[in-house]
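Written out below as structure tokens is the structure these notes cover.
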Amino acid sequence: MTSTLITGISELWTLDPALDDPARPGRVTDEQVHRKAALVLEDGVVAWSGPAAQAPPADAAVDLGGRAVLPGWVDSHTHLIFDGDRAAEFEARMAGQAYAAGGIGVTTGATRSASEERLRSLVRSRVAEAVAGGTTCLETKTGYGLTVEQELRAARLASALVEAGELDEVTFLGAHLVPSEFAGRAEEYVDLVTGDMLAAVAPHVRWIDVFCEDGAFDPEQSQRVLRAGAEAGLGLRVHGHQLGRSGGVALAVELGAASVDHVNHMEDSDVEALAATADRDTRPGSAAGHLAVDAGPTVATVLPACDLSTRAPLAPARRLLDAGAAVAIASNCNPGTSYTSSMSFCVATAVLQMHLSLAEAIRAATRGGALALRREDVGHLAVGARADLHVLDAPAAIDLAYRPGMPLTHQVWRAGALIS
Ligand code: NIG
């Protein structure tokens, strides 16, 4: 058991949940950011933090030379298990074509033909890219297999990476698209997803998700998928209101989903419905530091890179926060709508284009993501948190938005180990 003292921290964003201001949800308080600070890591968790002048001794010491330290990004929405790219579709979109759900079928074809070894190596290289950008807690979905065998293969591959400490959360997204072999037989496909597919995949995943949208699954079909998932003991997530007002928000709120993601097309009543879930109880979770999946607010997860890449109206993150809704920022890394895992880019976009303050954006990309994944061990650097650090090559975090696109990640630590 060795301890490491980290000094030379110009700005330390602990985002300690115990120091939240209940009257200002989603906001960062002055006490949650320290200047001239130090940290002690021990056994993979934060053991001490405070003014550098009062730092206790430790077995090893690291001097960061006056850099800002944030909790690692918590990316609560990605689709990393795929082969092929859709650059041509992207180019056509930049020339004016609208995004449609059908492109998922193209990636499904490429993914089905990939060998397991190739798929694993593709996923691992995407995880490495995310880590290099400061992400330390990563969710991925299945959803480019769409047969029992292929969804099971994806879920197994991802859960093995969770076991290996490379990924954190796996979501079953068999209800991503009705595959072409089921054309005109959507109900039969939903039977498969909620029957044999779910039974095969459930032991390997913690979450179930559904693409509730025109061209994918309607609210009734989505409800069937989510209810079956809940019965199998999975937590609920929803892709909703990406292309239109699909009904996904109401469904997510009604069923107590942990998150509804995209939320581009929002009426005031949708914003209010999400805000009204903000006070839902977060019951203490298991020893692993997980909150119960079915407790807590339905988080509105905004996906800034996706909004830009699909030229969609930006999700109303400002309105959601002002209404009191819980907000997360995620990358939505996938080959169709958002081929980037750069959370720093998403945070910069949230500040520059969605009108969040830097502190609100950082909080949404750390604590917000953790809440969307019902985790209390990540997304902050209070004593006891997993020691996941994002060390910036900058004295202050404002550089993330002030110098957008610059390589500002200096180091990344996960569970107390330097990983990038
Ligand atoms: O979250 N919207 C559904 N799923 C992905 C897109 C998948 C694709 O087009 O391949 C998303 O944007």
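Chain labels follow the order of the structure tokens: the first chain is A, the next B, and so on; residue numbering restarts at 1 in every chain, and ligands are counted from 1 in their shown order.
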
Quick one: which chain A residues come within 9 Å of ligand 1, and what is the nearest atom pair for each with the distance in Å to one decimal, counting only C-alpha atoms and all ligand atoms, rows ordered by chain and ascending number, as CSV?
```
residue,atom,partner,partner_atom_place_in_ligand_line,distance
A:His77,CA,ligand 1,1 (O),7.8
A:Thr78,CA,ligand 1,1 (O),7.5
A:His79,CA,ligand 1,5 (C),7.2
A:Arg86,CA,ligand 1,10 (O),8.4
A:Tyr99,CA,ligand 1,9 (O),7.9
A:Ala100,CA,ligand 1,9 (O),7.4
A:Ala101,CA,ligand 1,9 (O),5.8
A:Gly102,CA,ligand 1,9 (O),7.3
A:Gly103,CA,ligand 1,9 (O),5.3
A:Ile104,CA,ligand 1,10 (O),4.1
A:Gly105,CA,ligand 1,10 (O),7.7
A:Val106,CA,ligand 1,10 (O),8.0
A:Thr107,CA,ligand 1,10 (O),6.4
A:Thr108,CA,ligand 1,10 (O),8.4
A:Gly143,CA,ligand 1,4 (N),8.4
A:Tyr144,CA,ligand 1,10 (O),7.9
A:His176,CA,ligand 1,3 (C),6.5
A:Leu177,CA,ligand 1,3 (C),8.4
A:Val210,CA,ligand 1,3 (C),8.6
A:Phe211,CA,ligand 1,3 (C),5.7
A:Cys212,CA,ligand 1,2 (N),8.6
A:Glu213,CA,ligand 1,2 (N),8.2
A:Ala216,CA,ligand 1,3 (C),8.6
A:His239,CA,ligand 1,2 (N),6.4
A:Gly240,CA,ligand 1,2 (N),8.3
A:Gln242,CA,ligand 1,2 (N),7.0
A:Leu243,CA,ligand 1,2 (N),8.6
A:Asp261,CA,ligand 1,1 (O),7.8
A:His262,CA,ligand 1,1 (O),7.3
A:Leu303,CA,ligand 1,1 (O),8.5
A:Cys306,CA,ligand 1,12 (O),6.5
A:Asp307,CA,ligand 1,12 (O),8.9
A:Thr310,CA,ligand 1,12 (O),8.8
A:Asn332,CA,ligand 1,1 (O),5.8
A:Cys333,CA,ligand 1,1 (O),8.1
A:Asn334,CA,ligand 1,10 (O),6.0
A:Pro335,CA,ligand 1,10 (O),5.6
A:Gly336,CA,ligand 1,9 (O),3.7
A:Thr337,CA,ligand 1,12 (O),4.9
A:Ser338,CA,ligand 1,12 (O),6.7
```

Exercise for the section: Select from range 106-276 of chain A everything DSSP, run on the backbone, classes as strand (DSSP E or B), then give the selection as a PyMOL selection string. Expected result: chain A and resi 135-141+169-175+207-212+217+235-240+259-262

Problem - Surrounding residues of Lys36 in chain A excluding itself and chain neighbours under 6 positions, 6 Å, only C-alpha atoms, as a count of residues only - result: 3

If we count only C-alpha atoms, what is near range 403-411 of chain A at a cut-off of 8 Å, once residues fewer than 5 positions away on the same chain are taken out, given as a PDB file with all heavy atoms, in the first residue's frame?
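So the final result, stored in out-v7.pdb, reads:
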```pdb
ATOM      1  N   ALA A 132      -6.898   9.327 -23.680  1.00  0.00           N
ATOM      2  CA  ALA A 132      -5.886  10.345 -24.002  1.00  0.00           C
ATOM      3  C   ALA A 132      -6.482  11.749 -23.935  1.00  0.00           C
ATOM      4  O   ALA A 132      -5.761  12.729 -23.775  1.00  0.00           O
ATOM      5  CB  ALA A 132      -5.298  10.074 -25.378  1.00  0.00           C
ATOM      6  N   GLY A 133      -7.785  11.846 -24.048  1.00  0.00           N
ATOM      7  CA  GLY A 133      -8.459  13.137 -23.957  1.00  0.00           C
ATOM      8  C   GLY A 133      -9.002  13.439 -22.568  1.00  0.00           C
ATOM      9  O   GLY A 133      -9.753  14.399 -22.388  1.00  0.00           O
ATOM     10  N   GLY A 134      -8.658  12.595 -21.575  1.00  0.00           N
ATOM     11  CA  GLY A 134      -9.043  12.917 -20.205  1.00  0.00           C
ATOM     12  C   GLY A 134     -10.262  12.162 -19.692  1.00  0.00           C
ATOM     13  O   GLY A 134     -10.734  12.436 -18.591  1.00  0.00           O
ATOM     14  N   PHE A 345     -13.726  18.806 -26.153  1.00  0.00           N
ATOM     15  CA  PHE A 345     -14.404  19.500 -27.251  1.00  0.00           C
ATOM     16  C   PHE A 345     -15.879  19.732 -26.894  1.00  0.00           C
ATOM     17  O   PHE A 345     -16.432  20.816 -27.142  1.00  0.00           O
ATOM     18  CB  PHE A 345     -14.283  18.664 -28.532  1.00  0.00           C
ATOM     19  CG  PHE A 345     -15.083  19.187 -29.692  1.00  0.00           C
ATOM     20  CD1 PHE A 345     -14.668  20.323 -30.371  1.00  0.00           C
ATOM     21  CD2 PHE A 345     -16.239  18.554 -30.103  1.00  0.00           C
ATOM     22  CE1 PHE A 345     -15.418  20.821 -31.437  1.00  0.00           C
ATOM     23  CE2 PHE A 345     -16.998  19.040 -31.162  1.00  0.00           C
ATOM     24  CZ  PHE A 345     -16.573  20.178 -31.836  1.00  0.00           C
ATOM     25  N   ALA A 348     -16.081  22.523 -24.347  1.00  0.00           N
ATOM     26  CA  ALA A 348     -15.856  23.836 -24.982  1.00  0.00           C
ATOM     27  C   ALA A 348     -17.099  24.263 -25.761  1.00  0.00           C
ATOM     28  O   ALA A 348     -17.532  25.425 -25.698  1.00  0.00           O
ATOM     29  CB  ALA A 348     -14.638  23.766 -25.902  1.00  0.00           C
ATOM     30  N   LEU A 389      -7.846  11.389 -12.294  1.00  0.00           N
ATOM     31  CA  LEU A 389      -7.462  12.793 -12.456  1.00  0.00           C
ATOM     32  C   LEU A 389      -7.253  13.149 -13.917  1.00  0.00           C
ATOM     33  O   LEU A 389      -6.664  12.375 -14.670  1.00  0.00           O
ATOM     34  CB  LEU A 389      -6.145  13.093 -11.726  1.00  0.00           C
ATOM     35  CG  LEU A 389      -5.905  12.542 -10.329  1.00  0.00           C
ATOM     36  CD1 LEU A 389      -4.558  13.041  -9.811  1.00  0.00           C
ATOM     37  CD2 LEU A 389      -7.006  12.964  -9.390  1.00  0.00           C
ATOM     38  N   HIS A 390      -7.703  14.325 -14.280  1.00  0.00           N
ATOM     39  CA  HIS A 390      -7.409  14.893 -15.592  1.00  0.00           C
ATOM     40  C   HIS A 390      -6.549  16.125 -15.324  1.00  0.00           C
ATOM     41  O   HIS A 390      -7.048  17.136 -14.839  1.00  0.00           O
ATOM     42  CB  HIS A 390      -8.729  15.260 -16.288  1.00  0.00           C
ATOM     43  CG  HIS A 390      -8.548  15.801 -17.675  1.00  0.00           C
ATOM     44  ND1 HIS A 390      -9.570  16.409 -18.367  1.00  0.00           N
ATOM     45  CD2 HIS A 390      -7.483  15.828 -18.501  1.00  0.00           C
ATOM     46  CE1 HIS A 390      -9.139  16.782 -19.562  1.00  0.00           C
ATOM     47  NE2 HIS A 390      -7.871  16.445 -19.663  1.00  0.00           N
ATOM     48  N   VAL A 391      -5.252  15.985 -15.619  1.00  0.00           N
ATOM     49  CA  VAL A 391      -4.317  17.094 -15.384  1.00  0.00           C
ATOM     50  C   VAL A 391      -4.212  17.895 -16.669  1.00  0.00           C
ATOM     51  O   VAL A 391      -3.848  17.353 -17.725  1.00  0.00           O
ATOM     52  CB  VAL A 391      -2.921  16.558 -14.983  1.00  0.00           C
ATOM     53  CG1 VAL A 391      -1.985  17.725 -14.690  1.00  0.00           C
ATOM     54  CG2 VAL A 391      -3.022  15.625 -13.777  1.00  0.00           C
ATOM     55  N   LEU A 392      -4.551  19.160 -16.588  1.00  0.00           N
ATOM     56  CA  LEU A 392      -4.518  20.007 -17.792  1.00  0.00           C
ATOM     57  C   LEU A 392      -3.139  20.617 -17.986  1.00  0.00           C
ATOM     58  O   LEU A 392      -2.447  20.941 -17.014  1.00  0.00           O
ATOM     59  CB  LEU A 392      -5.543  21.133 -17.671  1.00  0.00           C
ATOM     60  CG  LEU A 392      -7.012  20.725 -17.555  1.00  0.00           C
ATOM     61  CD1 LEU A 392      -7.905  21.968 -17.550  1.00  0.00           C
ATOM     62  CD2 LEU A 392      -7.414  19.787 -18.690  1.00  0.00           C
ATOM     63  N   ASP A 393      -2.777  20.816 -19.229  1.00  0.00           N
ATOM     64  CA  ASP A 393      -1.537  21.536 -19.513  1.00  0.00           C
ATOM     65  C   ASP A 393      -1.867  23.023 -19.544  1.00  0.00           C
ATOM     66  O   ASP A 393      -1.701  23.698 -20.561  1.00  0.00           O
ATOM     67  CB  ASP A 393      -0.960  21.061 -20.855  1.00  0.00           C
ATOM     68  CG  ASP A 393       0.541  21.240 -20.882  1.00  0.00           C
ATOM     69  OD1 ASP A 393       1.090  21.722 -19.875  1.00  0.00           O
ATOM     70  OD2 ASP A 393       1.159  20.904 -21.904  1.00  0.00           O
ATOM     71  N   ALA A 394      -2.382  23.481 -18.419  1.00  0.00           N
ATOM     72  CA  ALA A 394      -2.831  24.871 -18.305  1.00  0.00           C
ATOM     73  C   ALA A 394      -2.979  25.177 -16.824  1.00  0.00           C
ATOM     74  O   ALA A 394      -3.286  24.281 -16.037  1.00  0.00           O
ATOM     75  CB  ALA A 394      -4.185  25.045 -18.993  1.00  0.00           C
ATOM     76  N   LEU A 418      -1.157   6.321 -13.238  1.00  0.00           N
ATOM     77  CA  LEU A 418      -0.982   7.189 -14.410  1.00  0.00           C
ATOM     78  C   LEU A 418      -1.208   6.342 -15.657  1.00  0.00           C
ATOM     79  O   LEU A 418      -0.479   5.383 -15.894  1.00  0.00           O
ATOM     80  CB  LEU A 418       0.445   7.757 -14.397  1.00  0.00           C
ATOM     81  CG  LEU A 418       0.803   8.756 -15.479  1.00  0.00           C
ATOM     82  CD1 LEU A 418      -0.030  10.039 -15.360  1.00  0.00           C
ATOM     83  CD2 LEU A 418       2.304   9.105 -15.382  1.00  0.00           C
ATOM     84  N   ILE A 419      -2.231   6.687 -16.467  1.00  0.00           N
ATOM     85  CA  ILE A 419      -2.538   5.833 -17.631  1.00  0.00           C
ATOM     86  C   ILE A 419      -2.327   6.546 -18.961  1.00  0.00           C
ATOM     87  O   ILE A 419      -2.424   5.936 -20.014  1.00  0.00           O
ATOM     88  CB  ILE A 419      -3.965   5.237 -17.557  1.00  0.00           C
ATOM     89  CG1 ILE A 419      -5.038   6.333 -17.450  1.00  0.00           C
ATOM     90  CG2 ILE A 419      -4.081   4.240 -16.407  1.00  0.00           C
ATOM     91  CD1 ILE A 419      -6.453   5.812 -17.648  1.00  0.00           C
ATOM     92  N   SER A 420      -2.068   7.844 -18.924  1.00  0.00           N
ATOM     93  CA  SER A 420      -1.818   8.529 -20.199  1.00  0.00           C
ATOM     94  C   SER A 420      -1.103   9.842 -19.923  1.00  0.00           C
ATOM     95  O   SER A 420      -1.237  10.431 -18.860  1.00  0.00           O
ATOM     96  CB  SER A 420      -3.122   8.793 -20.916  1.00  0.00           C
ATOM     97  OG  SER A 420      -2.903   9.462 -22.131  1.00  0.00           O
TER      98      SER A 420
END
```

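By chain and then residue number, the residues within 10 Å of Val271 in chain A are Val249, Val263, Met266, Ala276, Ala300, Pro316, Ala317, Arg319, Leu320, Leu321, Asp322, Ala323, Gly324 and Ala325 of chain A, counting only C-alpha atoms and disregarding those fewer than 5 positions away in sequence.
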
What does the file look like for those residues with all heavy atoms, as a PDB file, in the first residue's frame?
```pdb
ATOM      1  N   VAL A 249     -38.953  11.588 -23.926  1.00  0.00           N
ATOM      2  CA  VAL A 249     -38.765  12.248 -22.626  1.00  0.00           C
ATOM      3  C   VAL A 249     -39.863  11.804 -21.663  1.00  0.00           C
ATOM      4  O   VAL A 249     -39.581  11.414 -20.516  1.00  0.00           O
ATOM      5  CB  VAL A 249     -38.749  13.789 -22.785  1.00  0.00           C
ATOM      6  CG1 VAL A 249     -38.872  14.482 -21.445  1.00  0.00           C
ATOM      7  CG2 VAL A 249     -37.470  14.230 -23.499  1.00  0.00           C
ATOM      8  N   VAL A 263     -32.183  15.042 -26.527  1.00  0.00           N
ATOM      9  CA  VAL A 263     -33.099  16.121 -26.094  1.00  0.00           C
ATOM     10  C   VAL A 263     -32.945  17.415 -26.897  1.00  0.00           C
ATOM     11  O   VAL A 263     -32.902  18.505 -26.341  1.00  0.00           O
ATOM     12  CB  VAL A 263     -32.976  16.388 -24.554  1.00  0.00           C
ATOM     13  CG1 VAL A 263     -33.424  15.169 -23.778  1.00  0.00           C
ATOM     14  CG2 VAL A 263     -31.573  16.784 -24.096  1.00  0.00           C
ATOM     15  N   MET A 266     -37.367  20.138 -27.732  1.00  0.00           N
ATOM     16  CA  MET A 266     -37.970  20.176 -26.394  1.00  0.00           C
ATOM     17  C   MET A 266     -38.961  21.321 -26.256  1.00  0.00           C
ATOM     18  O   MET A 266     -38.625  22.490 -26.482  1.00  0.00           O
ATOM     19  CB  MET A 266     -36.859  20.348 -25.350  1.00  0.00           C
ATOM     20  CG  MET A 266     -35.834  19.235 -25.341  1.00  0.00           C
ATOM     21  SD  MET A 266     -36.455  17.729 -24.587  1.00  0.00           S
ATOM     22  CE  MET A 266     -36.246  18.116 -22.861  1.00  0.00           C
ATOM     23  N   ALA A 276     -38.797  18.238 -12.877  1.00  0.00           N
ATOM     24  CA  ALA A 276     -39.602  17.728 -11.757  1.00  0.00           C
ATOM     25  C   ALA A 276     -39.042  16.430 -11.188  1.00  0.00           C
ATOM     26  O   ALA A 276     -39.404  16.018 -10.091  1.00  0.00           O
ATOM     27  CB  ALA A 276     -41.044  17.522 -12.211  1.00  0.00           C
ATOM     28  N   ALA A 300     -30.921  14.779 -18.086  1.00  0.00           N
ATOM     29  CA  ALA A 300     -30.969  15.185 -19.499  1.00  0.00           C
ATOM     30  C   ALA A 300     -29.529  15.191 -20.002  1.00  0.00           C
ATOM     31  O   ALA A 300     -28.726  16.024 -19.576  1.00  0.00           O
ATOM     32  CB  ALA A 300     -31.576  16.569 -19.621  1.00  0.00           C
ATOM     33  N   PRO A 316     -31.169  22.252 -25.529  1.00  0.00           N
ATOM     34  CA  PRO A 316     -31.297  23.465 -24.703  1.00  0.00           C
ATOM     35  C   PRO A 316     -30.741  23.285 -23.298  1.00  0.00           C
ATOM     36  O   PRO A 316     -31.471  23.346 -22.300  1.00  0.00           O
ATOM     37  CB  PRO A 316     -32.815  23.682 -24.685  1.00  0.00           C
ATOM     38  CG  PRO A 316     -33.377  22.299 -24.773  1.00  0.00           C
ATOM     39  CD  PRO A 316     -32.432  21.504 -25.634  1.00  0.00           C
ATOM     40  N   ALA A 317     -29.439  23.099 -23.223  1.00  0.00           N
ATOM     41  CA  ALA A 317     -28.797  22.828 -21.925  1.00  0.00           C
ATOM     42  C   ALA A 317     -29.018  23.988 -20.950  1.00  0.00           C
ATOM     43  O   ALA A 317     -29.239  23.771 -19.752  1.00  0.00           O
ATOM     44  CB  ALA A 317     -27.308  22.578 -22.134  1.00  0.00           C
ATOM     45  N   ARG A 319     -31.545  26.138 -20.835  1.00  0.00           N
ATOM     46  CA  ARG A 319     -32.936  26.108 -20.339  1.00  0.00           C
ATOM     47  C   ARG A 319     -33.115  24.993 -19.318  1.00  0.00           C
ATOM     48  O   ARG A 319     -33.806  25.154 -18.313  1.00  0.00           O
ATOM     49  CB  ARG A 319     -33.882  25.832 -21.512  1.00  0.00           C
ATOM     50  CG  ARG A 319     -34.732  27.014 -21.940  1.00  0.00           C
ATOM     51  CD  ARG A 319     -35.292  26.711 -23.321  1.00  0.00           C
ATOM     52  NE  ARG A 319     -36.532  25.926 -23.285  1.00  0.00           N
ATOM     53  CZ  ARG A 319     -36.916  25.105 -24.272  1.00  0.00           C
ATOM     54  NH1 ARG A 319     -36.171  24.947 -25.359  1.00  0.00           N
ATOM     55  NH2 ARG A 319     -38.053  24.455 -24.179  1.00  0.00           N
ATOM     56  N   LEU A 320     -32.526  23.852 -19.596  1.00  0.00           N
ATOM     57  CA  LEU A 320     -32.675  22.705 -18.696  1.00  0.00           C
ATOM     58  C   LEU A 320     -32.074  23.016 -17.332  1.00  0.00           C
ATOM     59  O   LEU A 320     -32.693  22.761 -16.296  1.00  0.00           O
ATOM     60  CB  LEU A 320     -31.999  21.473 -19.315  1.00  0.00           C
ATOM     61  CG  LEU A 320     -32.786  20.820 -20.461  1.00  0.00           C
ATOM     62  CD1 LEU A 320     -31.862  20.017 -21.378  1.00  0.00           C
ATOM     63  CD2 LEU A 320     -33.889  19.914 -19.906  1.00  0.00           C
ATOM     64  N   LEU A 321     -30.870  23.583 -17.337  1.00  0.00           N
ATOM     65  CA  LEU A 321     -30.228  23.926 -16.059  1.00  0.00           C
ATOM     66  C   LEU A 321     -31.024  24.992 -15.318  1.00  0.00           C
ATOM     67  O   LEU A 321     -31.241  24.898 -14.106  1.00  0.00           O
ATOM     68  CB  LEU A 321     -28.809  24.441 -16.304  1.00  0.00           C
ATOM     69  CG  LEU A 321     -27.705  23.388 -16.381  1.00  0.00           C
ATOM     70  CD1 LEU A 321     -26.391  24.040 -16.781  1.00  0.00           C
ATOM     71  CD2 LEU A 321     -27.535  22.659 -15.058  1.00  0.00           C
ATOM     72  N   ASP A 322     -31.458  26.000 -16.050  1.00  0.00           N
ATOM     73  CA  ASP A 322     -32.213  27.080 -15.402  1.00  0.00           C
ATOM     74  C   ASP A 322     -33.518  26.568 -14.795  1.00  0.00           C
ATOM     75  O   ASP A 322     -33.986  27.083 -13.776  1.00  0.00           O
ATOM     76  CB  ASP A 322     -32.504  28.219 -16.395  1.00  0.00           C
ATOM     77  CG  ASP A 322     -31.240  29.010 -16.726  1.00  0.00           C
ATOM     78  OD1 ASP A 322     -30.241  28.872 -15.974  1.00  0.00           O
ATOM     79  OD2 ASP A 322     -31.237  29.738 -17.734  1.00  0.00           O
ATOM     80  N   ALA A 323     -34.090  25.543 -15.427  1.00  0.00           N
ATOM     81  CA  ALA A 323     -35.333  24.982 -14.895  1.00  0.00           C
ATOM     82  C   ALA A 323     -35.074  24.061 -13.704  1.00  0.00           C
ATOM     83  O   ALA A 323     -36.009  23.644 -13.029  1.00  0.00           O
ATOM     84  CB  ALA A 323     -36.055  24.210 -16.000  1.00  0.00           C
ATOM     85  N   GLY A 324     -33.798  23.712 -13.480  1.00  0.00           N
ATOM     86  CA  GLY A 324     -33.474  22.848 -12.338  1.00  0.00           C
ATOM     87  C   GLY A 324     -33.308  21.386 -12.700  1.00  0.00           C
ATOM     88  O   GLY A 324     -33.230  20.533 -11.809  1.00  0.00           O
ATOM     89  N   ALA A 325     -33.250  21.079 -14.000  1.00  0.00           N
ATOM     90  CA  ALA A 325     -33.049  19.683 -14.401  1.00  0.00           C
ATOM     91  C   ALA A 325     -31.589  19.284 -14.190  1.00  0.00           C
ATOM     92  O   ALA A 325     -30.698  20.131 -14.224  1.00  0.00           O
ATOM     93  CB  ALA A 325     -33.422  19.499 -15.873  1.00  0.00           C
TER      94      ALA A 325
END
```

Completion exercise
One residue among A:Ala417, A:Val123, A:Val225, A:Val238 is nearest to Asp388 in chain A when using only C-alpha atoms, and that residue is A:Ala417

Practice task
Name the residues of range 6-190 of chain A that fall into helix (DSSP H, G or I) according to DSSP on the backbone, using the chain letters and numbers of this document, as a PyMOL selection string.
Solution key: chain A and resi 17-19+30-32+52-54+87-94+103-113+116-132+148-163+180-182+186-190

Exercise for the section: Rank A:Leu64, A:Trp207, A:Pro71, A:Thr142 by their smallest atom-to-atom distance to Leu15 in chain A, using only C-alpha atoms, and report the top residue only. Expected result: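 Looking at the shortest contact to Leu15 in chain A, the residue is A:Pro71.
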
Practice task
Report the distance between CA of Asp21 in chain A and CA of Asp75 in chain A in Å, rounded to one decimal place.
Solution key: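 Computing the Euclidean distance for CA of Asp21 in chain A and CA of Asp75 in chain A yields 24.0 Å.
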
Handout entry: Point-to-point distance from CA of Leu234 in chain A to CA of Leu161 in chain A, Å rounded to tenths
Key =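 For CA of Leu234 in chain A relative to CA of Leu161 in chain A, the distance reads 19.1 Å.
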
Problem - Residues within 9 Å of range 165-173 of chain A, only C-alpha atoms, excluding chain neighbours under 5 positions, as a VMD selection string - result: chain A and resid 76 124 127 to 128 136 to 144 146 151 155 158 to 160 198 201 to 202 204 to 211 234 to 235 237 373

Practice task
Within 12 Å of Ala385 in chain A, counting only C-alpha atoms, which residues show up once you throw out same-chain ones fewer than 5 positions away? Write them as a PyMOL selection string, please.
Solution key: chain A and resi 14-17+39-49+71-72+288-290+367+370+375-380+414-416

Just to be explicit: take each residue in the selection above, keep C-alpha atoms, and write the result as an mmCIF file, in the first residue's frame.
```cif
data_model
loop_
_atom_site.group_PDB
_atom_site.id
_atom_site.type_symbol
_atom_site.label_atom_id
_atom_site.label_comp_id
_atom_site.auth_asym_id
_atom_site.auth_seq_id
_atom_site.Cartn_x
_atom_site.Cartn_y
_atom_site.Cartn_z
ATOM 1 C CA THR A 14 -12.842 18.487 -6.235
ATOM 2 C CA LEU A 15 -16.562 19.005 -6.986
ATOM 3 C CA ASP A 16 -17.090 17.410 -3.568
ATOM 4 C CA PRO A 17 -20.789 16.372 -3.437
ATOM 5 C CA LEU A 39 -3.831 15.646 -3.164
ATOM 6 C CA VAL A 40 -2.866 12.345 -1.625
ATOM 7 C CA LEU A 41 -3.830 9.159 -3.463
ATOM 8 C CA GLU A 42 -3.779 5.796 -1.718
ATOM 9 C CA ASP A 43 -5.185 2.415 -2.706
ATOM 10 C CA GLY A 44 -6.641 3.891 -5.882
ATOM 11 C CA VAL A 45 -8.741 6.506 -4.130
ATOM 12 C CA VAL A 46 -8.350 10.083 -2.955
ATOM 13 C CA ALA A 47 -7.093 9.919 0.631
ATOM 14 C CA TRP A 48 -6.593 13.632 1.340
ATOM 15 C CA SER A 49 -6.956 17.015 -0.375
ATOM 16 C CA PRO A 71 -11.903 14.807 -12.073
ATOM 17 C CA GLY A 72 -11.539 12.670 -15.209
ATOM 18 C CA ALA A 288 -19.103 -0.715 -5.264
ATOM 19 C CA GLY A 289 -20.215 2.875 -5.020
ATOM 20 C CA HIS A 290 -23.181 2.517 -7.338
ATOM 21 C CA ARG A 367 -20.750 14.741 -11.826
ATOM 22 C CA ALA A 370 -21.773 10.007 -12.951
ATOM 23 C CA ARG A 375 -22.329 6.222 -9.738
ATOM 24 C CA GLU A 376 -21.044 8.029 -6.719
ATOM 25 C CA ASP A 377 -17.416 6.856 -6.891
ATOM 26 C CA VAL A 378 -16.450 8.919 -9.943
ATOM 27 C CA GLY A 379 -16.985 12.440 -11.302
ATOM 28 C CA HIS A 380 -15.496 14.172 -8.255
ATOM 29 C CA ARG A 414 -7.311 6.254 -13.269
ATOM 30 C CA ALA A 415 -7.790 4.605 -9.873
ATOM 31 C CA GLY A 416 -4.521 6.142 -8.702
#
```

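CA of Ser115 in chain A sits 24.7 Å away from CA of Tyr189 in chain A.
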
Problem - Minimum-distance residue to Pro57 in chain A, chosen among A:His265, A:Ala154, A:Arg280, A:Thr7 (using only C-alpha atoms) - result: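 Residue with the minimum atom-to-atom distance to Pro57 in chain A: A:Thr7.
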
Problem - Pick from A:Asp196, A:Glu360, A:Glu11, A:Glu163 nearest to Pro51 in chain A, counting only C-alpha atoms - result: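 Smallest distance to Pro51 in chain A is found for A:Glu11.
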